[in-house]
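File shown here: work-v8.tsv, holding TSV, C-alpha atoms.
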chain	number	residue	atom	x	y	z
A	292	MET	CA	168.02	113.86	186.44
A	293	ALA	CA	164.39	114.33	185.34
A	294	LEU	CA	165.29	113.52	181.74
A	295	GLU	CA	166.73	110.22	182.96
A	296	ALA	CA	163.35	109.42	184.52
A	297	VAL	CA	161.68	110.14	181.18
A	298	LYS	CA	164.21	107.92	179.42
A	299	ALA	CA	163.41	105.14	181.89
A	300	ASN	CA	159.68	105.37	181.13
A	301	TYR	CA	159.63	106.38	177.46
A	302	ASP	CA	161.73	105.31	174.49
A	303	LEU	CA	163.37	108.48	173.15
A	304	ASP	CA	164.68	106.58	170.13
A	305	LYS	CA	161.10	105.66	169.24
A	306	LEU	CA	159.98	109.27	169.72
A	307	ALA	CA	162.85	110.49	167.55
A	308	ASN	CA	161.85	107.99	164.87
A	309	GLN	CA	158.25	109.20	165.07
A	310	LEU	CA	159.47	112.78	164.71
A	311	LYS	CA	161.52	111.79	161.68
A	312	LEU	CA	158.53	110.06	160.08
A	313	VAL	CA	156.26	113.05	160.76
A	314	ILE	CA	158.80	115.41	159.22
A	315	GLU	CA	159.16	113.14	156.19
A	316	SER	CA	155.38	112.94	155.79
A	317	GLY	CA	155.11	116.71	156.01
A	318	ASN	CA	151.81	116.41	157.86
A	319	PRO	CA	152.14	116.91	161.64
A	320	LEU	CA	148.45	117.70	162.03
A	321	LYS	CA	147.45	114.33	160.61
A	322	TYR	CA	149.92	112.61	162.95
A	323	MET	CA	148.46	114.35	165.99
A	324	ASP	CA	144.87	113.73	164.87
A	325	GLU	CA	145.52	110.03	164.36
A	326	ASN	CA	147.40	109.56	167.61
A	327	ILE	CA	145.55	111.85	170.00
A	328	ASN	CA	141.91	111.66	169.01
A	329	TRP	CA	141.78	107.88	168.85
A	330	ALA	CA	139.70	107.73	172.03
A	331	ILE	CA	137.07	110.06	170.61
A	332	ASP	CA	137.15	108.30	167.25
A	333	LYS	CA	136.72	104.95	169.00
A	334	ASP	CA	133.68	106.27	170.84
A	335	LEU	CA	132.20	107.63	167.64
A	336	GLU	CA	132.62	104.41	165.65
A	337	THR	CA	129.50	102.37	165.26
A	338	ASP	CA	128.49	99.27	163.41
A	339	SER	CA	124.92	100.43	163.40
A	340	LYS	CA	123.52	102.18	160.33
A	341	ASN	CA	120.74	103.62	162.44
A	342	ASN	CA	121.61	107.11	163.71
A	343	LEU	CA	119.16	106.81	166.57
A	344	ASP	CA	120.87	103.65	167.83
A	345	PHE	CA	124.26	105.34	167.52
A	346	THR	CA	123.13	108.48	169.36
A	347	SER	CA	121.59	106.55	172.22
A	348	LYS	CA	124.70	104.37	172.46
A	349	PHE	CA	127.01	107.38	172.52
A	350	LEU	CA	124.97	109.34	175.04
A	351	SER	CA	123.74	106.51	177.24
A	352	VAL	CA	124.96	106.19	180.79
A	353	THR	CA	124.06	103.04	182.65
A	354	SER	CA	124.08	102.60	186.38
A	355	THR	CA	127.07	100.28	186.07
A	356	ASP	CA	129.06	102.84	184.13
A	357	ASP	CA	130.63	105.92	185.64
A	358	LEU	CA	130.95	107.40	182.17
A	359	ASN	CA	130.04	110.96	181.42
A	360	PRO	CA	128.70	111.24	177.86
A	361	PHE	CA	130.83	114.34	177.42
A	362	THR	CA	134.10	112.71	178.49
A	363	GLY	CA	135.41	112.70	174.92
A	364	ILE	CA	134.77	116.41	174.51
A	365	ILE	CA	136.27	117.22	177.91
A	366	ASN	CA	139.36	115.18	177.08
A	367	TRP	CA	139.67	116.99	173.75
A	368	LEU	CA	139.59	120.33	175.56
A	369	LYS	CA	142.31	119.16	177.94
A	370	ARG	CA	144.43	118.08	174.98
A	371	SER	CA	143.88	121.48	173.37
A	372	ARG	CA	145.11	123.14	176.56
A	373	THR	CA	148.08	120.77	176.56
A	374	SER	CA	148.92	121.78	172.99
A	375	LYS	CA	148.91	125.47	173.90
A	376	ARG	CA	151.13	124.86	176.93
A	377	VAL	CA	153.62	122.77	174.94
A	378	LYS	CA	153.77	125.39	172.18
A	379	ARG	CA	154.37	128.15	174.72
A	380	ILE	CA	157.21	126.13	176.27
A	381	LEU	CA	158.75	125.37	172.88
A	382	CYS	CA	158.61	129.04	171.95
A	383	SER	CA	160.44	129.89	175.18
A	384	ILE	CA	163.38	127.74	174.02
A	385	ILE	CA	163.01	128.30	170.29
A	386	THR	CA	166.45	129.91	169.96
A	387	GLN	CA	168.05	126.81	171.44
A	388	ILE	CA	166.02	124.58	169.11
A	389	GLN	CA	167.06	126.69	166.12
A	390	GLU	CA	170.72	126.38	167.14
A	391	LEU	CA	170.38	122.60	167.34
A	392	ILE	CA	168.73	122.49	163.91
A	393	ASP	CA	171.47	124.71	162.47
A	394	GLU	CA	174.14	122.44	163.97
A	395	GLY	CA	172.48	119.41	162.41
A	396	ALA	CA	171.81	117.85	165.81
A	397	GLU	CA	170.05	114.50	165.97
A	398	LEU	CA	166.30	114.64	166.44
A	399	LYS	CA	166.76	112.77	169.72
A	400	LYS	CA	168.86	115.67	171.05
A	401	ILE	CA	166.20	118.20	170.02
A	402	LEU	CA	163.54	116.07	171.73
A	403	SER	CA	165.66	115.82	174.87
A	404	VAL	CA	166.01	119.59	175.10
A	405	ALA	CA	162.27	120.05	174.55
A	406	ILE	CA	161.33	117.40	177.12
A	407	THR	CA	163.71	118.94	179.66
A	408	ALA	CA	162.03	122.32	179.13
A	409	ILE	CA	158.61	120.75	179.62
A	410	ILE	CA	159.71	119.02	182.82
A	411	THR	CA	161.18	122.30	184.08
A	412	ALA	CA	157.95	124.18	183.34
A	413	LEU	CA	155.31	121.58	184.19
A	414	GLY	CA	157.03	118.93	186.30
A	415	PHE	CA	157.75	115.28	185.58
A	416	GLY	CA	154.17	114.27	186.37
A	417	ALA	CA	152.95	116.17	183.31
A	418	ILE	CA	154.79	113.83	180.95
A	419	ASN	CA	152.36	111.36	179.40
A	420	PRO	CA	151.77	109.81	175.97
A	421	VAL	CA	149.36	112.56	174.86
A	422	LEU	CA	151.82	115.30	175.80
A	423	LEU	CA	154.63	113.48	173.99
A	424	THR	CA	152.47	113.08	170.89
A	425	VAL	CA	151.68	116.79	170.95
A	426	LEU	CA	155.37	117.52	171.43
A	427	VAL	CA	156.38	115.40	168.41
A	428	GLY	CA	153.70	117.04	166.26
A	429	LEU	CA	154.59	120.57	167.30
A	430	LEU	CA	158.34	120.01	166.93
A	431	ALA	CA	157.74	118.64	163.44
A	432	THR	CA	155.66	121.73	162.65
A	433	ALA	CA	158.43	124.00	163.92
A	434	ILE	CA	161.05	122.18	161.85
A	435	LEU	CA	158.91	122.09	158.70
A	436	ASP	CA	157.60	125.67	158.90
A	437	GLY	CA	160.72	127.20	160.40
A	438	VAL	CA	160.98	128.08	164.05
A	439	ALA	CA	160.49	131.79	163.43
A	440	ASN	CA	157.14	131.12	161.74
A	441	PHE	CA	156.14	128.59	164.40
A	442	CYS	CA	156.25	131.10	167.24
A	443	ALA	CA	155.14	134.12	165.23
A	444	VAL	CA	151.49	133.03	165.21
Give the structure from the file, written as structure tokens.
Amino acid sequence: MALEAVKANYDLDKLANQLKLVIESGNPLKYMDENINWAIDKDLETDSKNNLDFTSKFLSVTSTDDLNPFTGIINWLKRSRTSKRVKRILCSIITQIQELIDEGAELKKILSVAITAIITALGFGAINPVLLTVLVGLLATAILDGVANFCAV
């Protein structure tokens, strides 16, 4: 039932295709960096060559903005916590994932099992684009490095 709600809100075919591309590239870390840290990267971009202008722009808070200058760092920490939680959940079902890999199951099926485990552990409300990006990256890592090595660390 909860997986159906995920399917209604997120395209599992697209996620499976992303997983396939990440596996083919052999670089899950780059995938996660490019797709998760975009908000921080966007904040850090500047057209100014003057470091002082950049620093004041990055750290400035105006009365019309409710922005905390440390929002990017706080969000990064939350994503780090998300990564640890997703890895812990994947390791709790790693035998099932290995069986699916051994059977030659479609990547979409592996994703479905992983998403169901996440919903069971964290609830449907935890599913968001960042979590799904982390999931794709970590699943690719598990497939590339071998599931035994993935959970051993």
Fill in: Nearby residues (only C-alpha atoms) at most 7 Å from segment 432-438 of chain A, same-chain spacing under 5 positions excluded, as an MDAnalysis selection string
chainID A and resid 314 319 385 389
Expected axis-aligned box over every listed atom of segment 381-399 of chain A, 4 Å added per side, centre plus edges in Å to one decimal, as JSON:
{"center_x": 166.4, "center_y": 121.3, "center_z": 168.8, "size_x": 23.5, "size_y": 25.1, "size_z": 20.8}
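Counting all atoms listed in the file and comparing A:Lys399, A:Gly416, A:Leu426, A:Val404, the residue that lies closest to Leu303 of chain A is A:Lys399.
Note that atom CA of Ala296 of chain A and atom CA of Leu430 of chain A are 21.1 Å apart.
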Practice prompt. Within 9 Å of Leu422 of chain A, counting only C-alpha atoms, which residues show up once you throw out same-chain ones fewer than 3 positions away? Write them as a PyMOL selection string, please.
Written response: chain A and resi 370+373-374+377+417-419+425-427
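With distances restricted to all atoms listed in the file, A:Ala412 is the closest residue to Ile380 of chain A from A:Ala412, A:Ser403, A:Glu397, A:Asn308.
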